[in-house]
$ cat entry34.csv   # CSV, C-alpha atoms and all ligand atoms
chain,number,residue,atom,x,y,z
A,1,MET,CA,-0.7,-1.6,7.3
A,2,PRO,CA,2.5,-1.1,9.4
A,3,LYS,CA,5.7,-0.7,7.4
A,4,GLN,CA,8.2,-3.5,8.0
A,5,GLN,CA,11.0,-1.8,10.1
A,6,GLY,CA,14.5,-2.8,9.2
A,7,SER,CA,13.3,-4.8,6.3
A,8,VAL,CA,13.5,-4.6,2.5
A,9,LEU,CA,11.5,-6.2,-0.2
A,10,ILE,CA,13.7,-7.3,-3.1
A,11,VAL,CA,11.6,-7.7,-6.3
A,12,VAL,CA,13.6,-9.9,-8.6
A,13,ASP,CA,13.5,-9.6,-12.4
A,14,VAL,CA,9.8,-8.8,-13.0
A,15,GLN,CA,10.7,-8.1,-16.7
A,16,LYS,CA,8.9,-8.7,-19.9
A,17,GLY,CA,11.6,-11.2,-21.0
A,18,PHE,CA,10.5,-13.7,-18.3
A,19,CYS,CA,6.8,-13.3,-18.8
A,20,PRO,CA,4.6,-14.7,-21.6
A,21,GLY,CA,5.7,-13.2,-24.9
A,22,GLY,CA,9.3,-12.7,-23.7
A,23,ASN,CA,12.5,-14.4,-24.8
A,24,LEU,CA,12.8,-16.6,-21.7
A,25,ALA,CA,9.1,-16.8,-21.0
A,26,ILE,CA,7.7,-18.6,-18.0
A,27,ALA,CA,4.1,-19.6,-18.2
A,28,HIS,CA,1.8,-17.5,-16.0
A,29,ALA,CA,4.7,-15.5,-14.6
A,30,ASN,CA,2.7,-12.3,-15.0
A,31,GLU,CA,0.0,-13.6,-12.6
A,32,ILE,CA,2.2,-13.0,-9.5
A,33,ILE,CA,2.6,-9.3,-10.3
A,34,PRO,CA,-0.6,-8.0,-8.6
A,35,ASN,CA,0.4,-9.9,-5.5
A,36,ILE,CA,3.9,-8.3,-5.6
A,37,ASN,CA,2.3,-4.8,-6.0
A,38,LYS,CA,0.2,-5.4,-2.9
A,39,ILE,CA,3.0,-6.8,-0.7
A,40,ALA,CA,5.1,-3.8,-1.6
A,41,GLN,CA,2.7,-1.5,0.1
A,42,SER,CA,3.9,-3.1,3.4
A,43,PHE,CA,7.5,-2.0,2.8
A,44,GLU,CA,9.1,1.3,3.1
A,45,HIS,CA,12.2,-0.1,1.4
A,46,VAL,CA,11.8,-1.8,-2.0
A,47,VAL,CA,14.6,-2.7,-4.4
A,48,LEU,CA,13.9,-3.8,-8.0
A,49,THR,CA,16.4,-6.0,-9.8
A,50,GLN,CA,16.7,-6.0,-13.6
A,51,ASP,CA,18.6,-8.7,-15.5
A,52,TRP,CA,20.6,-6.6,-17.9
A,53,HIS,CA,22.8,-8.4,-20.3
A,54,PRO,CA,25.1,-7.2,-23.1
A,55,GLN,CA,24.2,-8.9,-26.4
A,56,ASP,CA,27.3,-11.1,-26.3
A,57,HIS,CA,26.6,-12.4,-22.8
A,58,ILE,CA,28.3,-15.6,-21.8
A,59,SER,CA,25.0,-17.2,-20.6
A,60,PHE,CA,23.5,-17.1,-24.1
A,61,ALA,CA,23.6,-20.4,-26.0
A,62,SER,CA,24.1,-18.3,-29.1
A,63,GLN,CA,27.6,-17.5,-27.9
A,64,HIS,CA,28.5,-21.2,-27.8
A,65,PRO,CA,28.0,-22.6,-31.3
A,66,THR,CA,28.3,-26.3,-30.3
A,67,GLN,CA,25.8,-26.0,-27.5
A,68,LYS,CA,22.1,-25.6,-27.2
A,69,VAL,CA,19.7,-23.9,-24.8
A,70,TYR,CA,19.5,-25.5,-21.3
A,71,ASP,CA,22.9,-27.2,-21.8
A,72,LYS,CA,25.3,-26.8,-18.9
A,73,ILE,CA,28.9,-25.9,-19.5
A,74,GLN,CA,31.8,-25.4,-17.2
A,75,LEU,CA,33.3,-21.9,-16.9
A,76,SER,CA,36.1,-20.6,-14.7
A,77,TYR,CA,33.5,-19.8,-12.0
A,78,GLY,CA,31.6,-23.0,-12.2
A,79,THR,CA,28.6,-24.6,-14.0
A,80,GLN,CA,26.7,-22.2,-16.3
A,81,THR,CA,23.3,-23.1,-17.7
A,82,LEU,CA,22.8,-21.7,-21.2
A,83,TRP,CA,19.8,-19.6,-22.0
A,84,PRO,CA,18.1,-18.1,-25.0
A,85,ASP,CA,19.2,-14.5,-25.6
A,86,HIS,CA,17.2,-12.5,-23.1
A,87,CYS,CA,17.0,-9.2,-21.3
A,88,ILE,CA,19.5,-7.5,-23.6
A,89,GLN,CA,20.3,-4.0,-22.3
A,90,ALA,CA,17.8,-1.3,-23.2
A,91,THR,CA,15.6,-3.7,-25.3
A,92,ASP,CA,11.9,-4.1,-24.8
A,93,ASP,CA,12.6,-7.7,-23.4
A,94,ALA,CA,14.6,-6.1,-20.6
A,95,ALA,CA,11.9,-3.6,-19.6
A,96,PHE,CA,9.9,-4.1,-16.4
A,97,HIS,CA,6.5,-5.7,-17.0
A,98,PRO,CA,4.0,-2.9,-17.4
A,99,ASP,CA,1.8,-4.4,-14.6
A,100,LEU,CA,4.5,-3.8,-12.1
A,101,ASN,CA,3.4,-0.8,-10.1
A,102,ILE,CA,5.7,0.1,-7.2
A,103,PRO,CA,6.3,3.9,-7.5
A,104,HIS,CA,8.0,4.1,-4.1
A,105,ALA,CA,10.8,1.6,-5.0
A,106,GLN,CA,14.0,3.4,-4.4
A,107,LEU,CA,16.7,1.4,-6.1
A,108,ILE,CA,16.9,-0.4,-9.4
A,109,LEU,CA,19.8,-2.7,-9.4
A,110,ARG,CA,20.9,-4.0,-12.8
A,111,LYS,CA,22.9,-7.2,-12.8
A,112,GLY,CA,24.5,-9.6,-15.4
A,113,TRP,CA,26.1,-6.7,-17.2
A,114,HIS,CA,29.6,-8.1,-17.2
A,115,SER,CA,29.8,-10.1,-20.5
A,116,HIS,CA,31.9,-12.9,-19.0
A,117,ILE,CA,30.1,-13.5,-15.7
A,118,ASP,CA,26.4,-14.3,-15.1
A,119,SER,CA,24.7,-12.9,-12.0
A,120,TYR,CA,21.6,-14.6,-10.8
A,121,SER,CA,22.1,-13.2,-7.3
A,122,ALA,CA,21.4,-9.5,-6.6
A,123,PHE,CA,24.3,-9.5,-4.1
A,124,LEU,CA,27.2,-11.4,-5.8
A,125,GLU,CA,27.9,-12.3,-9.4
A,126,ALA,CA,28.3,-16.0,-10.3
A,127,ASP,CA,32.0,-16.1,-9.4
A,128,HIS,CA,30.7,-15.6,-5.8
A,129,LYS,CA,33.3,-12.8,-5.4
A,130,THR,CA,32.3,-9.8,-7.5
A,131,SER,CA,29.9,-7.6,-5.4
A,132,THR,CA,27.0,-5.7,-6.9
A,133,GLY,CA,27.1,-3.3,-3.9
A,134,LEU,CA,23.7,-4.3,-2.7
A,135,ALA,CA,24.8,-5.5,0.8
A,136,ALA,CA,26.5,-2.2,1.5
A,137,TYR,CA,23.4,-0.3,0.3
A,138,LEU,CA,21.2,-2.3,2.7
A,139,HIS,CA,23.7,-1.9,5.6
A,140,ALA,CA,23.7,1.9,5.0
A,141,HIS,CA,19.9,1.8,5.5
A,142,GLN,CA,20.1,-0.3,8.7
A,143,ILE,CA,18.3,-3.2,7.0
A,144,THR,CA,18.7,-6.6,8.6
A,145,THR,CA,15.9,-8.6,7.1
A,146,VAL,CA,15.3,-9.3,3.4
A,147,TYR,CA,12.1,-10.5,1.8
A,148,VAL,CA,12.5,-11.9,-1.8
A,149,VAL,CA,9.8,-12.2,-4.5
A,150,GLY,CA,9.8,-12.4,-8.3
A,151,ILE,CA,11.2,-14.5,-11.1
A,152,ALA,CA,12.6,-17.1,-11.2
A,153,THR,CA,12.2,-18.9,-7.9
A,154,ASP,CA,14.8,-21.6,-8.8
A,155,PHE,CA,17.5,-19.2,-10.2
A,156,CYS,CA,17.6,-15.5,-9.4
A,157,VAL,CA,15.3,-15.6,-6.4
A,158,ALA,CA,17.1,-18.6,-4.9
A,159,TRP,CA,20.6,-17.3,-5.4
A,160,THR,CA,19.6,-13.9,-4.1
A,161,ALA,CA,18.0,-15.4,-0.9
A,162,ILE,CA,21.0,-17.8,-0.3
A,163,ASP,CA,23.5,-14.9,-0.6
A,164,ALA,CA,21.4,-12.8,1.7
A,165,CYS,CA,21.7,-15.5,4.4
A,166,LYS,CA,25.4,-16.0,3.7
A,167,LEU,CA,25.9,-12.2,4.1
A,168,GLY,CA,24.2,-12.3,7.5
A,169,PHE,CA,20.7,-11.0,6.7
A,170,GLU,CA,17.6,-12.8,7.9
A,171,CYS,CA,15.9,-13.9,4.7
A,172,TYR,CA,12.4,-15.0,3.7
A,173,VAL,CA,11.1,-16.0,0.3
A,174,ILE,CA,7.4,-15.3,-0.2
A,175,ALA,CA,6.6,-18.5,-2.0
A,176,ASP,CA,3.4,-17.6,-3.7
A,177,ALA,CA,4.8,-14.3,-5.0
A,178,CYS,CA,7.4,-16.1,-7.1
A,179,LYS,CA,7.4,-18.1,-10.3
A,180,ALA,CA,9.9,-20.9,-11.3
A,181,ILE,CA,11.4,-22.0,-14.5
A,182,ASP,CA,11.5,-25.6,-13.0
A,183,HIS,CA,13.6,-27.3,-15.6
A,184,ASN,CA,14.8,-30.9,-14.8
A,185,GLY,CA,13.9,-30.6,-11.1
A,186,SER,CA,15.6,-27.3,-10.6
A,187,LEU,CA,12.8,-26.0,-8.3
A,188,GLN,CA,13.0,-28.8,-5.8
A,189,HIS,CA,16.7,-28.6,-5.8
A,190,ALA,CA,16.6,-24.8,-5.2
A,191,TRP,CA,14.2,-25.1,-2.2
A,192,GLN,CA,16.5,-27.8,-0.7
A,193,ASP,CA,19.5,-25.5,-1.2
A,194,MET,CA,17.6,-22.5,0.3
A,195,ARG,CA,16.6,-24.5,3.3
A,196,GLN,CA,20.1,-25.7,3.9
A,197,HIS,CA,21.4,-22.1,3.9
A,198,GLY,CA,18.7,-21.0,6.4
A,199,VAL,CA,16.3,-19.2,4.0
A,200,LYS,CA,12.8,-19.3,5.5
A,201,HIS,CA,9.6,-19.2,3.5
A,202,THR,CA,6.4,-17.4,4.0
A,203,TYR,CA,3.2,-16.7,2.1
A,204,LEU,CA,1.1,-13.8,1.0
A,205,LYS,CA,-1.5,-14.4,3.6
A,206,SER,CA,0.9,-13.3,6.3
A,207,PHE,CA,0.9,-9.7,4.8
A,208,SER,CA,-2.9,-9.2,4.7
B,301,LIG,C1,17.1,-15.7,-14.6
B,301,LIG,C2,17.9,-17.3,-16.0
B,301,LIG,C3,18.7,-16.4,-16.7
B,301,LIG,C4,16.3,-15.3,-13.5
B,301,LIG,C5,18.0,-14.7,-15.3
B,301,LIG,O1,15.9,-14.1,-13.4
B,301,LIG,O2,15.9,-16.2,-12.7
B,301,LIG,N1,17.1,-16.9,-15.0
B,301,LIG,N2,18.7,-15.1,-16.3
B,302,ZN,ZN,19.9,-13.7,-17.4

$ encode --input "entry34.csv" --output "structure tokens"
Amino acid sequence: MPKQQGSVLIVVDVQKGFCPGGNLAIAHANEIIPNINKIAQSFEHVVLTQDWHPQDHISFASQHPTQKVYDKIQLSYGTQTLWPDHCIQATDDAAFHPDLNIPHAQLILRKGWHSHIDSYSAFLEADHKTSTGLAAYLHAHQITTVYVVGIATDFCVAWTAIDACKLGFECYVIADACKAIDHNGSLQHAWQDMRQHGVKHTYLKSFS
């Protein structure tokens, strides 16, 4: 299969914490992993992201005693959804799912490691200012097109894809290689947002 020239596959947060048995488990999330492994074979450039929070992370409901999981609160950088404690640095919950098998992936980008800012996006933290350095990395490799897969469609995948467009990359989400949290209509809202920002979507079948 020809390698996609000038393109990168960004594999978002395929971690135990987001799969059945994890602390922020999404039903059936593990089922997309064989598809991701297969798609990755079409790419020379693959970046894996890893949600990587300190134990006192601001997105954890446990840090806000009067709030509960899924509540939304206002922080200096905007609205923050509160989550169960998840993907704490160097815990088993933060490990990549053992089915993920992309030995040629070159970069593992950890995000969400500032205790006071969340980072759904692989490009910019939730203040929309603090850079992770990923755009510069991609520019250094002459990459102009970004394909995004992984977990969760309506949070980290969507924010990554939207920032990719805002930063001038052509961006595709491979819809059937993603899994959503879909809480209170968040998935529909995310697709609408992605469309408005110029994110395109495609499907697995276009890679076979
Ligand atoms: C994610 C919620 C909290 C994600 C990460 O990977 O989409 N969602 N942290
Ligand atoms: Zn997180």

$ residues_near_ligand --input "entry34.csv" --ligand "ligand LIG 301 (chain B)" --cutoff "6 Å" --atoms "only C-alpha atoms and all ligand atoms" --output "list of chain:residue names"
A:Asp13, A:Tyr120, A:Ile151, A:Ala152, A:Phe155, A:Cys156

$ write_last_selection --input "entry34.csv" --atoms "C-alpha atoms" --output "mmCIF file, in the frame of the given file"
data_model
loop_
_atom_site.group_PDB
_atom_site.id
_atom_site.type_symbol
_atom_site.label_atom_id
_atom_site.label_comp_id
_atom_site.auth_asym_id
_atom_site.auth_seq_id
_atom_site.Cartn_x
_atom_site.Cartn_y
_atom_site.Cartn_z
ATOM 1 C CA ASP A 13 13.500 -9.600 -12.400
ATOM 2 C CA TYR A 120 21.600 -14.600 -10.800
ATOM 3 C CA ILE A 151 11.200 -14.500 -11.100
ATOM 4 C CA ALA A 152 12.600 -17.100 -11.200
ATOM 5 C CA PHE A 155 17.500 -19.200 -10.200
ATOM 6 C CA CYS A 156 17.600 -15.500 -9.400
#

$ residues_near_ligand --input "entry34.csv" --ligand "ligand ZN 302 (chain B)" --cutoff "9 Å" --atoms "only C-alpha atoms and all ligand atoms" --output "PDB file with C-alpha atoms, keeping the file's coordinate frame"
ATOM      1  CA  LEU A  24      12.800 -16.600 -21.700  1.00  0.00           C
ATOM      2  CA  ASP A  51      18.600  -8.700 -15.500  1.00  0.00           C
ATOM      3  CA  TRP A  52      20.600  -6.600 -17.900  1.00  0.00           C
ATOM      4  CA  HIS A  53      22.800  -8.400 -20.300  1.00  0.00           C
ATOM      5  CA  HIS A  57      26.600 -12.400 -22.800  1.00  0.00           C
ATOM      6  CA  SER A  59      25.000 -17.200 -20.600  1.00  0.00           C
ATOM      7  CA  PHE A  60      23.500 -17.100 -24.100  1.00  0.00           C
ATOM      8  CA  TRP A  83      19.800 -19.600 -22.000  1.00  0.00           C
ATOM      9  CA  PRO A  84      18.100 -18.100 -25.000  1.00  0.00           C
ATOM     10  CA  ASP A  85      19.200 -14.500 -25.600  1.00  0.00           C
ATOM     11  CA  HIS A  86      17.200 -12.500 -23.100  1.00  0.00           C
ATOM     12  CA  CYS A  87      17.000  -9.200 -21.300  1.00  0.00           C
ATOM     13  CA  ILE A  88      19.500  -7.500 -23.600  1.00  0.00           C
ATOM     14  CA  LYS A 111      22.900  -7.200 -12.800  1.00  0.00           C
ATOM     15  CA  GLY A 112      24.500  -9.600 -15.400  1.00  0.00           C
ATOM     16  CA  ASP A 118      26.400 -14.300 -15.100  1.00  0.00           C
ATOM     17  CA  SER A 119      24.700 -12.900 -12.000  1.00  0.00           C
ATOM     18  CA  TYR A 120      21.600 -14.600 -10.800  1.00  0.00           C
ATOM     19  CA  CYS A 156      17.600 -15.500  -9.400  1.00  0.00           C
TER      20      CYS A 156
END

$ atom_distance --input "entry34.csv" --atom1 "atom CA of Glu170 of chain A" --atom2 "atom CA of Thr130 of chain A"
21.5 Å

$ closest_residue --input "entry34.csv" --among "A:Gln196, A:Asn184, A:Asn35, A:Asn101" --to "Tyr70 of chain A" --atoms "only C-alpha atoms"
A:Asn184

$ atom_distance --input "entry34.csv" --atom1 "atom CA of Phe43 of chain A" --atom2 "atom CA of Ser7 of chain A"
7.3 Å

$ atom_distance --input "entry34.csv" --atom1 "atom CA of Lys166 of chain A" --atom2 "atom CA of His197 of chain A"
7.3 Å
